[in-house]
>>> print(open('upload10.pdb').read())   # PDB, C-alpha atoms and all ligand atoms
ATOM      1  CA  MET A   6       0.000   0.000   0.000  1.00  0.00           C
ATOM      2  CA  ASP A   7       1.434   3.424  -0.880  1.00  0.00           C
ATOM      3  CA  ILE A   8       0.952   6.681   0.991  1.00  0.00           C
ATOM      4  CA  ALA A   9      -1.701   7.940  -1.471  1.00  0.00           C
ATOM      5  CA  THR A  10      -3.778   4.842  -0.721  1.00  0.00           C
ATOM      6  CA  VAL A  11      -3.265   5.370   3.013  1.00  0.00           C
ATOM      7  CA  ASN A  12      -4.415   8.993   2.671  1.00  0.00           C
ATOM      8  CA  ALA A  13      -7.600   7.874   0.913  1.00  0.00           C
ATOM      9  CA  LEU A  14      -8.646   5.436   3.642  1.00  0.00           C
ATOM     10  CA  PRO A  15     -11.753   6.192   5.688  1.00  0.00           C
ATOM     11  CA  TYR A  16     -10.864   6.310   9.363  1.00  0.00           C
ATOM     12  CA  GLU A  17     -12.325   2.875  10.117  1.00  0.00           C
ATOM     13  CA  ASP A  18      -9.963   1.233   7.613  1.00  0.00           C
ATOM     14  CA  PHE A  19      -7.055   3.487   8.592  1.00  0.00           C
ATOM     15  CA  VAL A  20      -7.380   2.341  12.220  1.00  0.00           C
ATOM     16  CA  ASP A  21      -7.952  -1.313  11.218  1.00  0.00           C
ATOM     17  CA  ILE A  22      -4.797  -1.369   9.101  1.00  0.00           C
ATOM     18  CA  LEU A  23      -2.488   0.921  11.083  1.00  0.00           C
ATOM     19  CA  GLY A  24      -3.984   0.707  14.575  1.00  0.00           C
ATOM     20  CA  ASN A  25      -1.211  -1.417  16.055  1.00  0.00           C
ATOM     21  CA  VAL A  26       1.834   0.475  14.814  1.00  0.00           C
ATOM     22  CA  VAL A  27       2.099   1.506  18.452  1.00  0.00           C
ATOM     23  CA  GLU A  28       1.327  -1.639  20.407  1.00  0.00           C
ATOM     24  CA  LYS A  29      -2.304  -1.749  21.611  1.00  0.00           C
ATOM     25  CA  CYS A  30      -2.631   2.027  21.189  1.00  0.00           C
ATOM     26  CA  PRO A  31      -5.061   2.477  18.276  1.00  0.00           C
ATOM     27  CA  ILE A  32      -6.087   5.825  19.787  1.00  0.00           C
ATOM     28  CA  ILE A  33      -2.808   7.257  18.453  1.00  0.00           C
ATOM     29  CA  THR A  34      -3.566   6.109  14.914  1.00  0.00           C
ATOM     30  CA  ALA A  35      -7.148   7.351  15.220  1.00  0.00           C
ATOM     31  CA  ALA A  36      -5.902  10.750  16.381  1.00  0.00           C
ATOM     32  CA  VAL A  37      -3.405  11.344  13.558  1.00  0.00           C
ATOM     33  CA  TRP A  38      -5.933  10.406  10.831  1.00  0.00           C
ATOM     34  CA  SER A  39      -7.170  14.004  10.909  1.00  0.00           C
ATOM     35  CA  GLY A  40      -3.698  15.180   9.833  1.00  0.00           C
ATOM     36  CA  ARG A  41      -4.109  13.662   6.333  1.00  0.00           C
ATOM     37  CA  PRO A  42      -2.986  14.005   3.624  1.00  0.00           C
ATOM     38  CA  PHE A  43       0.511  12.907   4.614  1.00  0.00           C
ATOM     39  CA  LEU A  44       3.108  13.816   1.997  1.00  0.00           C
ATOM     40  CA  SER A  45       5.148  10.711   2.735  1.00  0.00           C
ATOM     41  CA  LEU A  46       5.484   7.801   5.115  1.00  0.00           C
ATOM     42  CA  ALA A  47       8.017   9.909   7.031  1.00  0.00           C
ATOM     43  CA  ALA A  48       5.358  12.602   7.518  1.00  0.00           C
ATOM     44  CA  LEU A  49       2.898  10.050   8.922  1.00  0.00           C
ATOM     45  CA  GLU A  50       5.596   8.741  11.239  1.00  0.00           C
ATOM     46  CA  ALA A  51       6.415  12.299  12.344  1.00  0.00           C
ATOM     47  CA  ALA A  52       2.736  12.946  13.159  1.00  0.00           C
ATOM     48  CA  ILE A  53       2.684   9.852  15.382  1.00  0.00           C
ATOM     49  CA  SER A  54       5.911  10.924  17.085  1.00  0.00           C
ATOM     50  CA  GLU A  55       4.590  14.435  17.697  1.00  0.00           C
ATOM     51  CA  PHE A  56       1.391  13.062  19.201  1.00  0.00           C
ATOM     52  CA  ILE A  57       3.387  10.880  21.584  1.00  0.00           C
ATOM     53  CA  ASP A  58       5.788  13.715  22.504  1.00  0.00           C
ATOM     54  CA  ALA A  59       2.860  16.011  23.357  1.00  0.00           C
ATOM     55  CA  LEU A  60       1.440  13.581  25.913  1.00  0.00           C
ATOM     56  CA  PRO A  61       1.968  14.179  29.610  1.00  0.00           C
ATOM     57  CA  GLU A  62       4.478  11.867  31.265  1.00  0.00           C
ATOM     58  CA  SER A  63       1.591   9.734  32.586  1.00  0.00           C
ATOM     59  CA  GLY A  64       0.408   9.196  28.992  1.00  0.00           C
ATOM     60  CA  LYS A  65       3.874   8.135  27.869  1.00  0.00           C
ATOM     61  CA  GLU A  66       4.040   5.670  30.737  1.00  0.00           C
ATOM     62  CA  GLY A  67       0.586   4.428  29.692  1.00  0.00           C
ATOM     63  CA  ILE A  68       1.942   3.638  26.218  1.00  0.00           C
ATOM     64  CA  LEU A  69       4.789   1.656  27.763  1.00  0.00           C
ATOM     65  CA  ARG A  70       2.290  -0.228  29.954  1.00  0.00           C
ATOM     66  CA  CYS A  71       0.435  -1.411  26.838  1.00  0.00           C
ATOM     67  CA  HIS A  72       3.508  -3.423  25.830  1.00  0.00           C
ATOM     68  CA  PRO A  73       3.796  -7.092  26.693  1.00  0.00           C
ATOM     69  CA  ASP A  74       6.877  -8.291  28.546  1.00  0.00           C
ATOM     70  CA  LEU A  75       9.596  -9.790  26.397  1.00  0.00           C
ATOM     71  CA  ALA A  76       9.501 -13.568  26.828  1.00  0.00           C
ATOM     72  CA  GLY A  77       6.663 -13.062  29.294  1.00  0.00           C
ATOM     73  CA  ARG A  78       3.225 -14.440  30.069  1.00  0.00           C
ATOM     74  CA  ASP A  79       1.657 -13.451  26.721  1.00  0.00           C
ATOM     75  CA  LEU A  80       4.394 -15.161  24.721  1.00  0.00           C
ATOM     76  CA  GLN A  81       3.952 -18.340  26.754  1.00  0.00           C
ATOM     77  CA  SER A  82       0.159 -18.332  26.450  1.00  0.00           C
ATOM     78  CA  GLY A  83       0.154 -17.429  22.739  1.00  0.00           C
ATOM     79  CA  SER A  84      -1.782 -14.200  23.330  1.00  0.00           C
ATOM     80  CA  LEU A  85       0.695 -11.721  21.833  1.00  0.00           C
ATOM     81  CA  THR A  86      -0.433  -9.506  18.969  1.00  0.00           C
ATOM     82  CA  ARG A  87       0.741 -10.813  15.583  1.00  0.00           C
ATOM     83  CA  GLU A  88       3.305  -8.018  15.297  1.00  0.00           C
ATOM     84  CA  SER A  89       4.711  -8.564  18.760  1.00  0.00           C
ATOM     85  CA  HIS A  90       4.881 -12.317  18.245  1.00  0.00           C
ATOM     86  CA  GLU A  91       6.912 -11.889  15.043  1.00  0.00           C
ATOM     87  CA  GLU A  92       9.261  -9.430  16.729  1.00  0.00           C
ATOM     88  CA  GLN A  93       9.802 -11.537  19.834  1.00  0.00           C
ATOM     89  CA  ALA A  94      10.290 -14.742  17.844  1.00  0.00           C
ATOM     90  CA  GLY A  95      12.700 -12.964  15.483  1.00  0.00           C
ATOM     91  CA  SER A  96      14.972 -11.982  18.345  1.00  0.00           C
ATOM     92  CA  GLY A  97      14.935 -15.462  19.878  1.00  0.00           C
ATOM     93  CA  MET A  98      12.639 -14.694  22.818  1.00  0.00           C
ATOM     94  CA  ASN A  99      10.785 -17.980  22.280  1.00  0.00           C
ATOM     95  CA  ALA A 100      14.013 -19.978  22.259  1.00  0.00           C
ATOM     96  CA  LEU A 101      15.689 -18.959  25.517  1.00  0.00           C
ATOM     97  CA  ASN A 102      17.450 -21.656  27.479  1.00  0.00           C
ATOM     98  CA  SER A 103      16.260 -22.111  31.047  1.00  0.00           C
ATOM     99  CA  GLY A 104      19.036 -19.929  32.495  1.00  0.00           C
ATOM    100  CA  GLU A 105      18.256 -17.099  30.083  1.00  0.00           C
ATOM    101  CA  ALA A 106      14.517 -17.450  30.673  1.00  0.00           C
ATOM    102  CA  SER A 107      14.824 -17.181  34.432  1.00  0.00           C
ATOM    103  CA  ARG A 108      17.259 -14.245  34.156  1.00  0.00           C
ATOM    104  CA  MET A 109      14.843 -12.470  31.804  1.00  0.00           C
ATOM    105  CA  ALA A 110      11.884 -13.089  34.132  1.00  0.00           C
ATOM    106  CA  ARG A 111      13.813 -11.890  37.211  1.00  0.00           C
ATOM    107  CA  LEU A 112      15.120  -8.727  35.514  1.00  0.00           C
ATOM    108  CA  ASN A 113      11.735  -7.913  33.921  1.00  0.00           C
ATOM    109  CA  GLN A 114      10.178  -8.143  37.381  1.00  0.00           C
ATOM    110  CA  GLU A 115      12.901  -6.031  38.978  1.00  0.00           C
ATOM    111  CA  TYR A 116      12.503  -3.416  36.244  1.00  0.00           C
ATOM    112  CA  LYS A 117       8.715  -3.235  36.663  1.00  0.00           C
ATOM    113  CA  GLU A 118       8.969  -2.934  40.436  1.00  0.00           C
ATOM    114  CA  ARG A 119      11.472  -0.107  40.091  1.00  0.00           C
ATOM    115  CA  PHE A 120       9.698   1.927  37.382  1.00  0.00           C
ATOM    116  CA  GLY A 121       6.026   0.895  37.346  1.00  0.00           C
ATOM    117  CA  PHE A 122       6.093   0.149  33.619  1.00  0.00           C
ATOM    118  CA  PRO A 123       7.623  -2.672  31.572  1.00  0.00           C
ATOM    119  CA  PHE A 124      11.012  -2.762  29.891  1.00  0.00           C
ATOM    120  CA  VAL A 125      10.517  -1.939  26.203  1.00  0.00           C
ATOM    121  CA  ILE A 126      13.125  -2.412  23.503  1.00  0.00           C
ATOM    122  CA  CYS A 127      12.859  -2.794  19.723  1.00  0.00           C
ATOM    123  CA  ALA A 128      13.317  -6.560  19.505  1.00  0.00           C
ATOM    124  CA  ARG A 129      13.896  -6.528  15.740  1.00  0.00           C
ATOM    125  CA  MET A 130      16.997  -4.379  16.225  1.00  0.00           C
ATOM    126  CA  ASN A 131      18.501  -6.592  18.947  1.00  0.00           C
ATOM    127  CA  ASP A 132      19.413 -10.216  19.591  1.00  0.00           C
ATOM    128  CA  LYS A 133      18.732 -11.981  22.883  1.00  0.00           C
ATOM    129  CA  GLU A 134      22.207 -11.341  24.325  1.00  0.00           C
ATOM    130  CA  ASN A 135      21.886  -7.650  23.644  1.00  0.00           C
ATOM    131  CA  ILE A 136      18.350  -7.531  25.065  1.00  0.00           C
ATOM    132  CA  LEU A 137      19.482  -9.145  28.328  1.00  0.00           C
ATOM    133  CA  ARG A 138      22.476  -6.810  28.541  1.00  0.00           C
ATOM    134  CA  GLN A 139      20.300  -3.716  27.967  1.00  0.00           C
ATOM    135  CA  LEU A 140      17.656  -4.884  30.420  1.00  0.00           C
ATOM    136  CA  SER A 141      20.240  -5.314  33.131  1.00  0.00           C
ATOM    137  CA  ALA A 142      21.920  -1.957  32.407  1.00  0.00           C
ATOM    138  CA  ARG A 143      18.677   0.020  32.091  1.00  0.00           C
ATOM    139  CA  CYS A 144      17.466  -1.218  35.500  1.00  0.00           C
ATOM    140  CA  GLN A 145      20.041   1.230  36.937  1.00  0.00           C
ATOM    141  CA  ASN A 146      18.651   4.339  35.200  1.00  0.00           C
ATOM    142  CA  GLU A 147      16.608   7.151  36.731  1.00  0.00           C
ATOM    143  CA  ARG A 148      12.887   6.864  36.101  1.00  0.00           C
ATOM    144  CA  ALA A 149      12.690   9.919  33.784  1.00  0.00           C
ATOM    145  CA  VAL A 150      15.651   8.735  31.727  1.00  0.00           C
ATOM    146  CA  GLU A 151      14.147   5.287  31.458  1.00  0.00           C
ATOM    147  CA  ARG A 152      10.725   6.625  30.468  1.00  0.00           C
ATOM    148  CA  ALA A 153      12.346   8.572  27.618  1.00  0.00           C
ATOM    149  CA  CYS A 154      14.443   5.572  26.633  1.00  0.00           C
ATOM    150  CA  GLY A 155      11.373   3.304  26.483  1.00  0.00           C
ATOM    151  CA  ILE A 156       9.508   5.840  24.336  1.00  0.00           C
ATOM    152  CA  GLU A 157      12.413   6.050  21.871  1.00  0.00           C
ATOM    153  CA  GLU A 158      12.207   2.253  21.547  1.00  0.00           C
ATOM    154  CA  VAL A 159       8.429   2.484  20.948  1.00  0.00           C
ATOM    155  CA  LYS A 160       9.200   4.855  18.052  1.00  0.00           C
ATOM    156  CA  LYS A 161      11.711   2.411  16.564  1.00  0.00           C
ATOM    157  CA  ILE A 162       9.144  -0.404  16.778  1.00  0.00           C
ATOM    158  CA  CYS A 163       6.574   1.904  15.152  1.00  0.00           C
ATOM    159  CA  HIS A 164       9.026   2.817  12.365  1.00  0.00           C
ATOM    160  CA  LEU A 165       9.535  -0.841  11.417  1.00  0.00           C
ATOM    161  CA  ARG A 166       5.826  -1.691  11.696  1.00  0.00           C
ATOM    162  CA  LEU A 167       4.935   1.259   9.433  1.00  0.00           C
ATOM    163  CA  GLN A 168       7.544   0.190   6.897  1.00  0.00           C
ATOM    164  CA  SER A 169       6.068  -3.276   6.726  1.00  0.00           C
ATOM    165  CA  ILE A 170       2.615  -1.840   5.892  1.00  0.00           C
ATOM    166  CA  VAL A 171       3.288   1.279   3.817  1.00  0.00           C
ATOM    167  CA  LEU A 172       5.578   1.246   0.809  1.00  0.00           C
ATOM    168  CA  THR A 173       8.304   3.878   0.894  1.00  0.00           C
ATOM    169  CA  ASP A 174       9.070   5.722  -2.335  1.00  0.00           C
ATOM    170  CA  ASN A 175      12.092   3.584  -3.138  1.00  0.00           C
ATOM    171  CA  LYS A 176       9.943   0.454  -2.967  1.00  0.00           C
ATOM    172  CA  LEU A 177       7.295   1.780  -5.373  1.00  0.00           C
TER     173      LEU A 177
HETATM  174  N1  LIG A 201       8.451  -5.203  26.054  1.00  0.00           N
HETATM  175  C1  LIG A 201       8.823  -5.046  24.761  1.00  0.00           C
HETATM  176  O1  LIG A 201       9.851  -4.485  24.441  1.00  0.00           O
HETATM  177  N2  LIG A 201       7.959  -5.532  23.851  1.00  0.00           N
HETATM  178  C2  LIG A 201       8.201  -5.497  22.513  1.00  0.00           C
HETATM  179  N3  LIG A 201       9.339  -5.089  21.825  1.00  0.00           N
HETATM  180  C3  LIG A 201       9.123  -5.344  20.526  1.00  0.00           C
HETATM  181  O2  LIG A 201       9.918  -5.131  19.614  1.00  0.00           O
HETATM  182  N4  LIG A 201       7.878  -5.875  20.345  1.00  0.00           N
HETATM  183  C4  LIG A 201       7.269  -6.000  21.553  1.00  0.00           C
HETATM  184  O3  LIG A 201       6.183  -6.437  21.825  1.00  0.00           O
END
>>> encode(input="upload10.pdb", output="structure tokens")
Amino acid sequence: MDIATVNALPYEDFVDILGNVVEKCPIITAAVWSGRPFLSLAALEAAISEFIDALPESGKEGILRCHPDLAGRDLQSGSLTRESHEEQAGSGMNALNSGEASRMARLNQEYKERFGFPFVICARMNDKENILRQLSARCQNERAVERACGIEEVKKICHLRLQSIVLTDNKL
């Protein structure tokens, strides 16, 4: 689908197709629809970023809280969104050995207790070793730093999800 097709979508279809570019936050997609027409995919992505940046800190934390844990309950029970499942499987989250799995569970829990929101990282840009290393390191951050860090990762995830739906000019 190219950007002209995206711009022509009624809002129901726009939200159906693009509603999970930020995990379980279709309200963001629904909000930016009114900014059409977007000149490019980059312009649509910028509108999403601006919407997120304008939220109060509680709203940004809310976005983080909509994300499933990496290698967590939803992966085990098969209840991840399709996008999240592909991302987690791609980075080896469903193939952790028992030592890695228990380390991931312990650090995820420690992180959530410290910050009140889950650890978020763009799984498609990292392998499991890197994810575990980052999780451990980021547990030491200040809450405000970590909130900003998580939101930057949400934007990376969004960037890749948008690219898999909307053709960029060089793919036309
Ligand atoms: N917690 C977390 O980072 N979740 C995710 N990361 C990602 O790339 N997809 C997710 O669902």
>>> closest_atom_pairs(input="upload10.pdb", of="region 29-84 of chain A", to="region 6-20 of chain A", cutoff="9 Å", atoms="only C-alpha atoms", output="tab-separated table")
residue	atom	partner	partner_atom	distance
A:Pro31	CA	A:Val20	CA	6.5
A:Ile32	CA	A:Val20	CA	8.4
A:Thr34	CA	A:Val20	CA	6.0
A:Ala35	CA	A:Val20	CA	5.8
A:Trp38	CA	A:Tyr16	CA	6.6
A:Ser39	CA	A:Tyr16	CA	8.7
A:Arg41	CA	A:Asn12	CA	5.9
A:Pro42	CA	A:Asn12	CA	5.3
A:Phe43	CA	A:Asn12	CA	6.6
A:Leu44	CA	A:Ile8	CA	7.5
A:Ser45	CA	A:Ile8	CA	6.1
A:Leu46	CA	A:Ile8	CA	6.2
A:Leu49	CA	A:Ile8	CA	8.8
>>> residues_around(input="upload10.pdb", residues="region 52-63 of chain A", least_positions_apart="5", cutoff="7 Å", atoms="all atoms listed in the file", output="PDB file with C-alpha atoms, in the frame of the given file")
ATOM      1  CA  ILE A  33      -2.808   7.257  18.453  1.00  0.00           C
ATOM      2  CA  VAL A  37      -3.405  11.344  13.558  1.00  0.00           C
ATOM      3  CA  LYS A 160       9.200   4.855  18.052  1.00  0.00           C
TER       4      LYS A 160
END
>>> residues_near_ligand(input="upload10.pdb", ligand="ligand LIG 201 (chain A)", cutoff="10 Å", atoms="only C-alpha atoms and all ligand atoms", output="PyMOL selection string")
chain A and resi 27-29+69-77+79-80+85-96+113+122-131+136+140+155+158-159+161-163+165-166
>>> atom_distance(input="upload10.pdb", atom1="CA of Phe120 (chain A)", atom2="CA of Val150 (chain A)")
10.7 Å
>>> atom_distance(input="upload10.pdb", atom1="CA of Lys65 (chain A)", atom2="CA of Gly97 (chain A)")
27.3 Å
>>> residues_near_point(input="upload10.pdb", point="(-3.2, -1.2, 6.6)", cutoff="6 Å", atoms="all atoms listed in the file", output="ChimeraX atom specification")
/A:22-23,170
>>> atom_distance(input="upload10.pdb", atom1="CA of Glu151 (chain A)", atom2="CA of Ile68 (chain A)")
13.4 Å
>>> closest_residue(input="upload10.pdb", among="A:Arg138, A:Asp21, A:Val26, A:Lys117", to="Ser169 (chain A)", atoms="all atoms listed in the file")
A:Val26
>>> residues_near_point(input="upload10.pdb", point="(19.6, -18.2, 24.8)", cutoff="12 Å", atoms="all atoms listed in the file", output="number ranges by chain")
A: 76, 96-109, 132-137
>>> closest_residue(input="upload10.pdb", among="A:Arg148, A:His164, A:Arg78, A:Arg143", to="Asn25 (chain A)", atoms="only C-alpha atoms")
A:His164
>>> closest_residue(input="upload10.pdb", among="A:Asn146, A:Gln168, A:Thr173, A:Ser82", to="Arg119 (chain A)", atoms="all atoms listed in the file")
A:Asn146
>>> decode(input="upload10.pdb", residues="region 81-109 of chain A", atoms="C-alpha atoms", output="PDB file, in the first residue's frame")
ATOM      1  CA  GLN A  81       3.952 -18.340  26.754  1.00  0.00           C
ATOM      2  CA  SER A  82       0.159 -18.332  26.450  1.00  0.00           C
ATOM      3  CA  GLY A  83       0.154 -17.429  22.739  1.00  0.00           C
ATOM      4  CA  SER A  84      -1.782 -14.200  23.330  1.00  0.00           C
ATOM      5  CA  LEU A  85       0.695 -11.721  21.833  1.00  0.00           C
ATOM      6  CA  THR A  86      -0.433  -9.506  18.969  1.00  0.00           C
ATOM      7  CA  ARG A  87       0.741 -10.813  15.583  1.00  0.00           C
ATOM      8  CA  GLU A  88       3.305  -8.018  15.297  1.00  0.00           C
ATOM      9  CA  SER A  89       4.711  -8.564  18.760  1.00  0.00           C
ATOM     10  CA  HIS A  90       4.881 -12.317  18.245  1.00  0.00           C
ATOM     11  CA  GLU A  91       6.912 -11.889  15.043  1.00  0.00           C
ATOM     12  CA  GLU A  92       9.261  -9.430  16.729  1.00  0.00           C
ATOM     13  CA  GLN A  93       9.802 -11.537  19.834  1.00  0.00           C
ATOM     14  CA  ALA A  94      10.290 -14.742  17.844  1.00  0.00           C
ATOM     15  CA  GLY A  95      12.700 -12.964  15.483  1.00  0.00           C
ATOM     16  CA  SER A  96      14.972 -11.982  18.345  1.00  0.00           C
ATOM     17  CA  GLY A  97      14.935 -15.462  19.878  1.00  0.00           C
ATOM     18  CA  MET A  98      12.639 -14.694  22.818  1.00  0.00           C
ATOM     19  CA  ASN A  99      10.785 -17.980  22.280  1.00  0.00           C
ATOM     20  CA  ALA A 100      14.013 -19.978  22.259  1.00  0.00           C
ATOM     21  CA  LEU A 101      15.689 -18.959  25.517  1.00  0.00           C
ATOM     22  CA  ASN A 102      17.450 -21.656  27.479  1.00  0.00           C
ATOM     23  CA  SER A 103      16.260 -22.111  31.047  1.00  0.00           C
ATOM     24  CA  GLY A 104      19.036 -19.929  32.495  1.00  0.00           C
ATOM     25  CA  GLU A 105      18.256 -17.099  30.083  1.00  0.00           C
ATOM     26  CA  ALA A 106      14.517 -17.450  30.673  1.00  0.00           C
ATOM     27  CA  SER A 107      14.824 -17.181  34.432  1.00  0.00           C
ATOM     28  CA  ARG A 108      17.259 -14.245  34.156  1.00  0.00           C
ATOM     29  CA  MET A 109      14.843 -12.470  31.804  1.00  0.00           C
TER      30      MET A 109
END
